[in-house]
Amino acid sequence: MLSKALLRLGGGAARHPWRVIAAWLVAAALAVLAAVAFGGRTADSMTAPGLDSQRAAELIERAGTGQEGITAQVVVTPLDGAATFFDHDGARTALTRLQTEVERLPHVLGTSDPAGALRAGRDTAVRGGLVSADGRIAVVRVQYPDQSRLSAEDLDALVGLGDRLRAELPLRIEMGGNLFYALSDPDGGVSELIGLLAAAAILFLAFGSLVAAALPIGMAVFGLTVGVATMTVLAGVTDVPAFAPVLGSMVGLGVGIDYALFVLARHREYLARGLGPHEAAGRAVATAGRPVVFAGGTVVVSILGLAFANVPFMTVGGLAVSIVVLIMVIASVTLLPAFLGAAGPRLGRTLRAGRLFRRRGAAPDAGPAAGWRRWIGHVSRHPVPYAVGAAGLLLAATLPVLGLRVGLPDDGSLPHSRTERRAYDLVAEGFGPGTNGPLVIAADPAGDPGVVDRLVGAVAADPGIASVVPTHTDRATGIATLVVFPTTSPQDKATAETITRLRTDVLPTAIGPGPARAHVGGAAASLSDVGRRTSQRLPVFVAAVLTMSFLLLMLVFRSVLVPLKAVLLNLLSIGAAYGIMVAVFQWGWGGALIGLEATVPIVSFIPMFLFAILFGLSMDYEVFLLSRVREEYLRTSDNGTAIVEGVSGTARIITSAALIMVAVFLSFAVADDPSAKMFGLGLATAILIDATVVRMVLVPATMTLLGRSNWWLPKWLDRMLPRGPVEH
């Protein structure tokens, strides 16, 4: 049924290409117009129901102190390195002007006044955390309302003011804070362009034709335009996390070009057999389109499984990325065959002109297929050493996972070229590293007047707390908020331990058995809580994805051992990718190659996101390869021949597709944002391992060892199972 539907769909698109292309042009235009009219900005709401940090945020919102909004900080130091704000009248005057002009910016609710504190006395300025003890560094803290009332123009206004005042005042001015994190455009534009250029180069080498290389790129650009515009519309309805557009672009480009390559390769085969362009396109969609639909559906279902974490921003982020993948699948079976039909016979001639790996006088694909056939035959003749060696290599790469530490890379992990990093360093130098990640304790005394004083004393006495800002108490609700600065940086493991100690020991002891309550919030606490929640839910999520994948593969390939082997090998390749991430980001091995200037913990939500995406993507190659192996097995009934012919027949396409994905993902690994680096390197590493060590070594070795047992399925189970979507 699916094959017939895809045959009609692909053939119809190839026969009427300009209608289909026009329909996609209209869809892209409507999506962009909808994004402009109804779209919203991404918003980072790193909270989840039931977390202690979320309860703190709810109390702060009830109190209406303004601390529930977004903050920025302007960090300054006199240009004269020997001068200090204590003894430099000109610097103090410049500081007053700076603070006054920042306070006049649109939507600014208020600012701290280090110049005013200096006028009140040196001790006042230092105790208030506005001027460093040596007088060299001052901070103007800027309070904005909730992000829903802000736009990128507010960030531009602050940055523009800083640029102007740098030229007018004798001050070095740097800026940072949540405003930059929330409203900065996510990395991606340059990375997308680099990824597209790399993919185009690989496609040109594979097919020897600009036309053939342009078709998958054109399809991916169409799909990405519609997908990102749809994501923007979604952001107008709910909070879409800032990493979603970058991740959606990364995954969308990778899978879109991959899916197009699978269909284009099959189209090439049919053209070589003498079929007309329209019929070849229809049959290519009917055959290669089946594993594309199945693999794309698996990616979508895997990513949507992030809802198991019960972390809203991860659920919405997964939905946004899934939309892009789904659109790429639709484009692969509609827009691409339209392109193939429009290209007509010319595409057949250009494809035959391709020279990659081809010996002079050889038939198309004879060279690469013969080379891969010799390699797979060699592995099949020595399955034990290859299986043991490859598995040992991947297990060794997985070992660093034992030291995995989740957390929040802060502005200290950004390159020095960014003002946020320079502001971070100045604050850490002048006030201590914990000043970059304040905790906010919200307390409801519930009628006990002594609770707040006991809390202040107990928190200040904790060895992990450097200082406590004077308490703010809302008269209407009685809710008190304490801003406290840890002794360690936001990404330091000791900070998470301090948060845990405050919650389990310090706060309960200070409050006592009465009805009063207190909760620890702030960005560092929120990310720590989310990390703990995802770590707790990860085993359940992994088990659910593994079970689903096993059942789907059993349905498709009518086997018990093939899906079991596939699940275990995919798990091994993902584990190796995790291990390499730990070695690079936590241990610093090779970090300079991707522009990483300091070691950082793994962002708390990335392991779960990577597992969902990678397990889905690995099914692309699994289905594509095993479909061909099973096809050969059904034709010859010989397991050895099926392995050699099936794996060698798909090896060139899989390696080309993997090269494209790796190139696209690595282009994001050089972005400034550590999260983008982690996504890019993690995805690229896993795909590279999966397409080489797993598909070209472990799969033929293990399938050879299993022999005819590969296709064993109890008869009673065979009768119960419906026919799979890629069954031949």
# chains A, B, ... in the order shown; residues from 1 in each chain; ligands from 1
call {"tool": "select_by_dssp", "arguments": {"residues": "stretch 468-690 of chain A", "states": "strand (DSSP E)", "output": "NGL selection string"}}
result
:A and (468 or 472-473 or 480-486 or 517-521 or 602-603)
call {"tool": "write_last_selection", "arguments": {"atoms": "C-alpha atoms", "output": "compact mmCIF listing (two decimals), in the first residue's frame"}}
result
# COMPACT_ATOMS: atom_id res chain seq x y z
CA VAL A 468 24.05 38.04 51.15
CA HIS A 472 13.68 42.76 50.26
CA THR A 473 10.28 42.07 51.87
CA ALA A 480 11.00 38.00 51.42
CA THR A 481 13.69 37.56 48.79
CA LEU A 482 17.37 37.09 49.51
CA VAL A 483 19.95 37.42 46.74
CA VAL A 484 23.01 35.41 47.74
CA PHE A 485 26.34 34.96 45.98
CA PRO A 486 28.10 31.56 46.14
CA ARG A 517 8.64 27.84 53.67
CA ALA A 518 11.63 28.86 51.60
CA HIS A 519 12.88 27.84 48.16
CA VAL A 520 16.12 28.36 46.23
CA GLY A 521 15.81 29.83 42.74
CA ILE A 602 27.80 19.01 29.56
CA VAL A 603 24.59 21.07 29.31
call {"tool": "residues_around", "arguments": {"residues": "stretch 673-681 of chain A", "least_positions_apart": "6", "cutoff": "7 Å", "atoms": "only C-alpha atoms", "output": "list in words"}}
result
Asp187, Pro409, Leu414, Val603, Phe665 and Leu666 of chain A
call {"tool": "closest_atom_pairs", "arguments": {"of": "stretch 285-338 of chain A", "to": "stretch 242-264 of chain A", "cutoff": "8 Å", "atoms": "only C-alpha atoms", "output": "CSV"}}
result
residue,atom,partner,partner_atom,distance
A:Val285,CA,A:Val263,CA,6.2
A:Ala288,CA,A:Val263,CA,5.3
A:Gly289,CA,A:Val263,CA,6.5
A:Val292,CA,A:Tyr259,CA,6.1
A:Gly317,CA,A:Ala244,CA,5.4
A:Gly318,CA,A:Ala244,CA,7.8
A:Ala320,CA,A:Ala244,CA,6.6
A:Val321,CA,A:Gly248,CA,4.6
A:Ser322,CA,A:Gly248,CA,8.0
A:Val324,CA,A:Gly252,CA,5.8
A:Val325,CA,A:Gly252,CA,5.6
A:Met328,CA,A:Gly256,CA,5.2
A:Val329,CA,A:Gly256,CA,7.2
A:Ser332,CA,A:Ala260,CA,5.7
A:Leu336,CA,A:Ala260,CA,6.9
call {"tool": "write_last_selection", "arguments": {"atoms": "all heavy atoms", "output": "PDB file, in the first residue's frame"}}
result
ATOM      1  N   VAL A 285      11.052   7.036  -5.611  1.00  0.00           N
ATOM      2  CA  VAL A 285      10.275   7.409  -4.427  1.00  0.00           C
ATOM      3  C   VAL A 285       9.588   6.182  -3.833  1.00  0.00           C
ATOM      4  O   VAL A 285       9.498   6.032  -2.607  1.00  0.00           O
ATOM      5  CB  VAL A 285       9.250   8.508  -4.783  1.00  0.00           C
ATOM      6  CG1 VAL A 285       8.312   8.775  -3.611  1.00  0.00           C
ATOM      7  CG2 VAL A 285       9.966   9.785  -5.180  1.00  0.00           C
ATOM      8  N   ALA A 288      13.205   3.892  -2.469  1.00  0.00           N
ATOM      9  CA  ALA A 288      13.987   4.615  -1.457  1.00  0.00           C
ATOM     10  C   ALA A 288      13.099   5.452  -0.554  1.00  0.00           C
ATOM     11  O   ALA A 288      13.445   5.727   0.597  1.00  0.00           O
ATOM     12  CB  ALA A 288      15.018   5.512  -2.147  1.00  0.00           C
ATOM     13  N   GLY A 289      11.936   5.872  -1.051  1.00  0.00           N
ATOM     14  CA  GLY A 289      11.036   6.675  -0.227  1.00  0.00           C
ATOM     15  C   GLY A 289      10.466   5.917   0.951  1.00  0.00           C
ATOM     16  O   GLY A 289      10.140   6.523   1.981  1.00  0.00           O
ATOM     17  N   VAL A 292      12.876   6.139   3.752  1.00  0.00           N
ATOM     18  CA  VAL A 292      12.924   7.548   4.152  1.00  0.00           C
ATOM     19  C   VAL A 292      11.740   7.880   5.048  1.00  0.00           C
ATOM     20  O   VAL A 292      11.897   8.512   6.104  1.00  0.00           O
ATOM     21  CB  VAL A 292      12.941   8.465   2.904  1.00  0.00           C
ATOM     22  CG1 VAL A 292      12.577   9.903   3.283  1.00  0.00           C
ATOM     23  CG2 VAL A 292      14.316   8.440   2.245  1.00  0.00           C
ATOM     24  N   GLY A 317      10.783  22.137  22.547  1.00  0.00           N
ATOM     25  CA  GLY A 317      11.947  22.107  21.668  1.00  0.00           C
ATOM     26  C   GLY A 317      11.951  20.878  20.776  1.00  0.00           C
ATOM     27  O   GLY A 317      12.252  20.956  19.579  1.00  0.00           O
ATOM     28  N   GLY A 318      11.594  19.724  21.346  1.00  0.00           N
ATOM     29  CA  GLY A 318      11.496  18.505  20.547  1.00  0.00           C
ATOM     30  C   GLY A 318      10.420  18.602  19.488  1.00  0.00           C
ATOM     31  O   GLY A 318      10.601  18.155  18.343  1.00  0.00           O
ATOM     32  N   ALA A 320       9.368  21.346  18.035  1.00  0.00           N
ATOM     33  CA  ALA A 320       9.837  22.270  17.000  1.00  0.00           C
ATOM     34  C   ALA A 320      10.800  21.570  16.039  1.00  0.00           C
ATOM     35  O   ALA A 320      10.701  21.724  14.811  1.00  0.00           O
ATOM     36  CB  ALA A 320      10.509  23.480  17.655  1.00  0.00           C
ATOM     37  N   VAL A 321      11.747  20.801  16.580  1.00  0.00           N
ATOM     38  CA  VAL A 321      12.697  20.085  15.725  1.00  0.00           C
ATOM     39  C   VAL A 321      11.983  19.011  14.908  1.00  0.00           C
ATOM     40  O   VAL A 321      12.284  18.801  13.722  1.00  0.00           O
ATOM     41  CB  VAL A 321      13.826  19.470  16.577  1.00  0.00           C
ATOM     42  CG1 VAL A 321      14.755  18.632  15.709  1.00  0.00           C
ATOM     43  CG2 VAL A 321      14.622  20.563  17.291  1.00  0.00           C
ATOM     44  N   SER A 322      11.000  18.341  15.505  1.00  0.00           N
ATOM     45  CA  SER A 322      10.244  17.298  14.796  1.00  0.00           C
ATOM     46  C   SER A 322       9.504  17.866  13.597  1.00  0.00           C
ATOM     47  O   SER A 322       9.377  17.202  12.559  1.00  0.00           O
ATOM     48  CB  SER A 322       9.255  16.629  15.752  1.00  0.00           C
ATOM     49  OG  SER A 322       9.922  15.963  16.785  1.00  0.00           O
ATOM     50  N   VAL A 324      10.465  20.302  11.676  1.00  0.00           N
ATOM     51  CA  VAL A 324      11.434  20.477  10.590  1.00  0.00           C
ATOM     52  C   VAL A 324      11.729  19.129   9.923  1.00  0.00           C
ATOM     53  O   VAL A 324      11.761  19.025   8.691  1.00  0.00           O
ATOM     54  CB  VAL A 324      12.729  21.118  11.120  1.00  0.00           C
ATOM     55  CG1 VAL A 324      13.758  21.252   9.998  1.00  0.00           C
ATOM     56  CG2 VAL A 324      12.442  22.478  11.730  1.00  0.00           C
ATOM     57  N   VAL A 325      11.922  18.076  10.716  1.00  0.00           N
ATOM     58  CA  VAL A 325      12.207  16.746  10.159  1.00  0.00           C
ATOM     59  C   VAL A 325      11.027  16.255   9.325  1.00  0.00           C
ATOM     60  O   VAL A 325      11.196  15.721   8.217  1.00  0.00           O
ATOM     61  CB  VAL A 325      12.533  15.751  11.285  1.00  0.00           C
ATOM     62  CG1 VAL A 325      12.700  14.340  10.721  1.00  0.00           C
ATOM     63  CG2 VAL A 325      13.803  16.168  12.021  1.00  0.00           C
ATOM     64  N   MET A 328      10.933  17.879   6.015  1.00  0.00           N
ATOM     65  CA  MET A 328      11.973  17.338   5.133  1.00  0.00           C
ATOM     66  C   MET A 328      11.546  16.002   4.519  1.00  0.00           C
ATOM     67  O   MET A 328      11.849  15.720   3.356  1.00  0.00           O
ATOM     68  CB  MET A 328      13.278  17.172   5.912  1.00  0.00           C
ATOM     69  CG  MET A 328      13.984  18.482   6.241  1.00  0.00           C
ATOM     70  SD  MET A 328      14.453  19.400   4.754  1.00  0.00           S
ATOM     71  CE  MET A 328      15.309  20.790   5.500  1.00  0.00           C
ATOM     72  N   VAL A 329      10.841  15.183   5.291  1.00  0.00           N
ATOM     73  CA  VAL A 329      10.343  13.911   4.745  1.00  0.00           C
ATOM     74  C   VAL A 329       9.341  14.177   3.630  1.00  0.00           C
ATOM     75  O   VAL A 329       9.389  13.558   2.552  1.00  0.00           O
ATOM     76  CB  VAL A 329       9.707  13.065   5.867  1.00  0.00           C
ATOM     77  CG1 VAL A 329       9.010  11.843   5.275  1.00  0.00           C
ATOM     78  CG2 VAL A 329      10.761  12.622   6.874  1.00  0.00           C
ATOM     79  N   SER A 332      11.025  15.303   0.527  1.00  0.00           N
ATOM     80  CA  SER A 332      11.774  14.237  -0.147  1.00  0.00           C
ATOM     81  C   SER A 332      10.904  13.428  -1.098  1.00  0.00           C
ATOM     82  O   SER A 332      11.409  12.901  -2.098  1.00  0.00           O
ATOM     83  CB  SER A 332      12.408  13.300   0.891  1.00  0.00           C
ATOM     84  OG  SER A 332      13.307  13.995   1.716  1.00  0.00           O
ATOM     85  N   LEU A 336      11.386  16.798  -4.254  1.00  0.00           N
ATOM     86  CA  LEU A 336      12.556  16.228  -4.933  1.00  0.00           C
ATOM     87  C   LEU A 336      12.171  15.534  -6.243  1.00  0.00           C
ATOM     88  O   LEU A 336      12.811  15.780  -7.274  1.00  0.00           O
ATOM     89  CB  LEU A 336      13.302  15.269  -4.015  1.00  0.00           C
ATOM     90  CG  LEU A 336      14.559  14.657  -4.640  1.00  0.00           C
ATOM     91  CD1 LEU A 336      15.573  15.740  -4.989  1.00  0.00           C
ATOM     92  CD2 LEU A 336      15.190  13.628  -3.705  1.00  0.00           C
TER      93      LEU A 336
END
call {"tool": "closest_atom_pairs", "arguments": {"of": "stretch 213-308 of chain A", "to": "stretch 613-626 of chain A", "cutoff": "8 Å", "atoms": "only C-alpha atoms", "output": "CSV"}}
result
residue,atom,partner,partner_atom,distance
A:Val255,CA,A:Leu617,CA,7.7
A:Ala288,CA,A:Phe624,CA,8.0
A:Pro291,CA,A:Val623,CA,6.0
A:Val292,CA,A:Asp620,CA,7.1
A:Ala295,CA,A:Asp620,CA,5.0
A:Gly296,CA,A:Gly616,CA,7.6
A:Thr298,CA,A:Gly616,CA,5.3
A:Val299,CA,A:Gly616,CA,3.9
A:Val300,CA,A:Gly616,CA,7.5
A:Ser302,CA,A:Gly616,CA,6.0
A:Ile303,CA,A:Ile613,CA,6.0
call {"tool": "write_last_selection", "arguments": {"atoms": "all heavy atoms", "output": "mmCIF file, in the first residue's frame"}}
result
data_model
loop_
_atom_site.group_PDB
_atom_site.id
_atom_site.type_symbol
_atom_site.label_atom_id
_atom_site.label_comp_id
_atom_site.auth_asym_id
_atom_site.auth_seq_id
_atom_site.Cartn_x
_atom_site.Cartn_y
_atom_site.Cartn_z
ATOM 1 N N VAL A 255 19.304 15.651 7.736
ATOM 2 C CA VAL A 255 18.379 14.610 7.280
ATOM 3 C C VAL A 255 17.815 14.945 5.905
ATOM 4 O O VAL A 255 17.587 14.057 5.076
ATOM 5 C CB VAL A 255 17.241 14.374 8.295
ATOM 6 C CG1 VAL A 255 17.781 13.971 9.645
ATOM 7 C CG2 VAL A 255 16.331 15.593 8.424
ATOM 8 N N ALA A 288 13.205 3.892 -2.469
ATOM 9 C CA ALA A 288 13.987 4.615 -1.457
ATOM 10 C C ALA A 288 13.099 5.452 -0.554
ATOM 11 O O ALA A 288 13.445 5.727 0.597
ATOM 12 C CB ALA A 288 15.018 5.512 -2.147
ATOM 13 N N PRO A 291 12.007 3.559 3.058
ATOM 14 C CA PRO A 291 12.867 3.729 4.240
ATOM 15 C C PRO A 291 12.999 5.182 4.686
ATOM 16 O O PRO A 291 13.188 5.442 5.873
ATOM 17 C CB PRO A 291 14.229 3.166 3.789
ATOM 18 C CG PRO A 291 14.174 3.077 2.313
ATOM 19 C CD PRO A 291 12.742 2.895 1.951
ATOM 20 N N VAL A 292 12.876 6.139 3.752
ATOM 21 C CA VAL A 292 12.924 7.548 4.152
ATOM 22 C C VAL A 292 11.740 7.880 5.048
ATOM 23 O O VAL A 292 11.897 8.512 6.104
ATOM 24 C CB VAL A 292 12.941 8.465 2.904
ATOM 25 C CG1 VAL A 292 12.577 9.903 3.283
ATOM 26 C CG2 VAL A 292 14.316 8.440 2.245
ATOM 27 N N ALA A 295 12.283 5.967 8.371
ATOM 28 C CA ALA A 295 13.367 6.535 9.178
ATOM 29 C C ALA A 295 12.984 7.916 9.701
ATOM 30 O O ALA A 295 13.231 8.243 10.870
ATOM 31 C CB ALA A 295 14.648 6.617 8.345
ATOM 32 N N GLY A 296 12.370 8.740 8.838
ATOM 33 C CA GLY A 296 11.944 10.057 9.286
ATOM 34 C C GLY A 296 10.897 9.969 10.375
ATOM 35 O O GLY A 296 10.927 10.736 11.350
ATOM 36 N N THR A 298 10.644 7.567 12.488
ATOM 37 C CA THR A 298 11.338 7.132 13.698
ATOM 38 C C THR A 298 12.033 8.307 14.384
ATOM 39 O O THR A 298 12.015 8.433 15.614
ATOM 40 C CB THR A 298 12.379 6.050 13.351
ATOM 41 O OG1 THR A 298 11.728 4.974 12.673
ATOM 42 C CG2 THR A 298 13.042 5.515 14.604
ATOM 43 N N VAL A 299 12.653 9.191 13.581
ATOM 44 C CA VAL A 299 13.290 10.377 14.153
ATOM 45 C C VAL A 299 12.250 11.232 14.878
ATOM 46 O O VAL A 299 12.463 11.677 16.014
ATOM 47 C CB VAL A 299 13.984 11.208 13.053
ATOM 48 C CG1 VAL A 299 14.511 12.520 13.632
ATOM 49 C CG2 VAL A 299 15.129 10.427 12.432
ATOM 50 N N VAL A 300 11.113 11.459 14.230
ATOM 51 C CA VAL A 300 10.064 12.293 14.822
ATOM 52 C C VAL A 300 9.550 11.683 16.122
ATOM 53 O O VAL A 300 9.435 12.370 17.152
ATOM 54 C CB VAL A 300 8.907 12.486 13.817
ATOM 55 C CG1 VAL A 300 7.694 13.130 14.503
ATOM 56 C CG2 VAL A 300 9.358 13.346 12.651
ATOM 57 N N SER A 302 11.018 9.504 18.080
ATOM 58 C CA SER A 302 12.069 9.503 19.103
ATOM 59 C C SER A 302 12.187 10.868 19.773
ATOM 60 O O SER A 302 12.288 10.975 20.993
ATOM 61 C CB SER A 302 13.416 9.118 18.485
ATOM 62 O OG SER A 302 13.396 7.801 17.994
ATOM 63 N N ILE A 303 12.160 11.920 18.946
ATOM 64 C CA ILE A 303 12.312 13.272 19.510
ATOM 65 C C ILE A 303 11.085 13.649 20.325
ATOM 66 O O ILE A 303 11.201 14.263 21.394
ATOM 67 C CB ILE A 303 12.581 14.292 18.390
ATOM 68 C CG1 ILE A 303 13.898 13.963 17.681
ATOM 69 C CG2 ILE A 303 12.642 15.700 18.946
ATOM 70 C CD1 ILE A 303 14.185 14.843 16.482
#
call {"tool": "closest_residue", "arguments": {"among": "A:Ala13, A:Ile653, A:Val506, A:Ala91", "to": "A:Arg268", "atoms": "only C-alpha atoms"}}
result
A:Ile653
call {"tool": "closest_residue", "arguments": {"among": "A:Ile376, A:Ala133, A:Ala494, A:Ala14", "to": "A:Pro463", "atoms": "only C-alpha atoms"}}
result
A:Ala494
call {"tool": "select_by_dssp", "arguments": {"residues": "stretch 384-594 of chain A", "states": "alpha helix (DSSP H)", "output": "VMD selection string"}}
result
chain A and resid 384 to 398 419 to 431 451 to 461 493 to 501 507 to 511 523 to 557 561 to 581
call {"tool": "closest_residue", "arguments": {"among": "A:Ala307, A:Leu507, A:Ala642, A:Ala138", "to": "A:Ala612", "atoms": "only C-alpha atoms"}}
result
A:Ala307
call {"tool": "atom_distance", "arguments": {"atom1": "atom CA of A:Arg127", "atom2": "atom CA of A:Val139"}}
result
12.8 Å
call {"tool": "residues_around", "arguments": {"residues": "stretch 387-402 of chain A", "least_positions_apart": "3", "cutoff": "6 Å", "atoms": "only C-alpha atoms", "output": "list in words"}}
result
Pro383, Val384, Gly575, Ala576, Gly579, Leu698 and Ala701 of chain A
call {"tool": "write_last_selection", "arguments": {"atoms": "N, CA, C and O atoms", "output": "PDB file, in the first residue's frame"}}
result
ATOM      1  N   PRO A 383      35.307 -12.644  10.960  1.00  0.00           N
ATOM      2  CA  PRO A 383      34.313 -11.900  11.752  1.00  0.00           C
ATOM      3  C   PRO A 383      34.690 -11.725  13.218  1.00  0.00           C
ATOM      4  O   PRO A 383      34.385 -10.681  13.813  1.00  0.00           O
ATOM      5  N   VAL A 384      35.345 -12.725  13.817  1.00  0.00           N
ATOM      6  CA  VAL A 384      35.620 -12.651  15.256  1.00  0.00           C
ATOM      7  C   VAL A 384      36.596 -11.527  15.592  1.00  0.00           C
ATOM      8  O   VAL A 384      36.297 -10.669  16.440  1.00  0.00           O
ATOM      9  N   GLY A 575      26.962   5.762  22.900  1.00  0.00           N
ATOM     10  CA  GLY A 575      27.805   5.800  24.098  1.00  0.00           C
ATOM     11  C   GLY A 575      29.199   6.308  23.789  1.00  0.00           C
ATOM     12  O   GLY A 575      29.779   7.098  24.552  1.00  0.00           O
ATOM     13  N   ALA A 576      29.761   5.890  22.648  1.00  0.00           N
ATOM     14  CA  ALA A 576      31.088   6.373  22.253  1.00  0.00           C
ATOM     15  C   ALA A 576      31.061   7.877  21.990  1.00  0.00           C
ATOM     16  O   ALA A 576      32.005   8.599  22.342  1.00  0.00           O
ATOM     17  N   GLY A 579      31.114   9.634  25.251  1.00  0.00           N
ATOM     18  CA  GLY A 579      32.445   9.576  25.846  1.00  0.00           C
ATOM     19  C   GLY A 579      33.384  10.597  25.235  1.00  0.00           C
ATOM     20  O   GLY A 579      34.162  11.260  25.941  1.00  0.00           O
ATOM     21  N   LEU A 698      31.134  -3.733  12.217  1.00  0.00           N
ATOM     22  CA  LEU A 698      30.382  -4.529  13.184  1.00  0.00           C
ATOM     23  C   LEU A 698      29.160  -5.207  12.570  1.00  0.00           C
ATOM     24  O   LEU A 698      28.857  -6.358  12.912  1.00  0.00           O
ATOM     25  N   ALA A 701      30.307  -8.206  10.419  1.00  0.00           N
ATOM     26  CA  ALA A 701      30.946  -9.212  11.273  1.00  0.00           C
ATOM     27  C   ALA A 701      29.919  -9.942  12.120  1.00  0.00           C
ATOM     28  O   ALA A 701      29.921 -11.185  12.189  1.00  0.00           O
TER      29      ALA A 701
END
call {"tool": "residues_around", "arguments": {"residues": "A:Leu6", "least_positions_apart": "2", "cutoff": "8 Å", "atoms": "only C-alpha atoms", "output": "list in words"}}
result
Leu2, Ser3, Lys4, Arg8, Leu9, Gly10, Gly282, Val285, Ala286, Gly289, Arg290 and Val333 of chain A
call {"tool": "atom_distance", "arguments": {"atom1": "atom CA of A:Ala281", "atom2": "atom CA of A:Val221"}}
result
20.3 Å
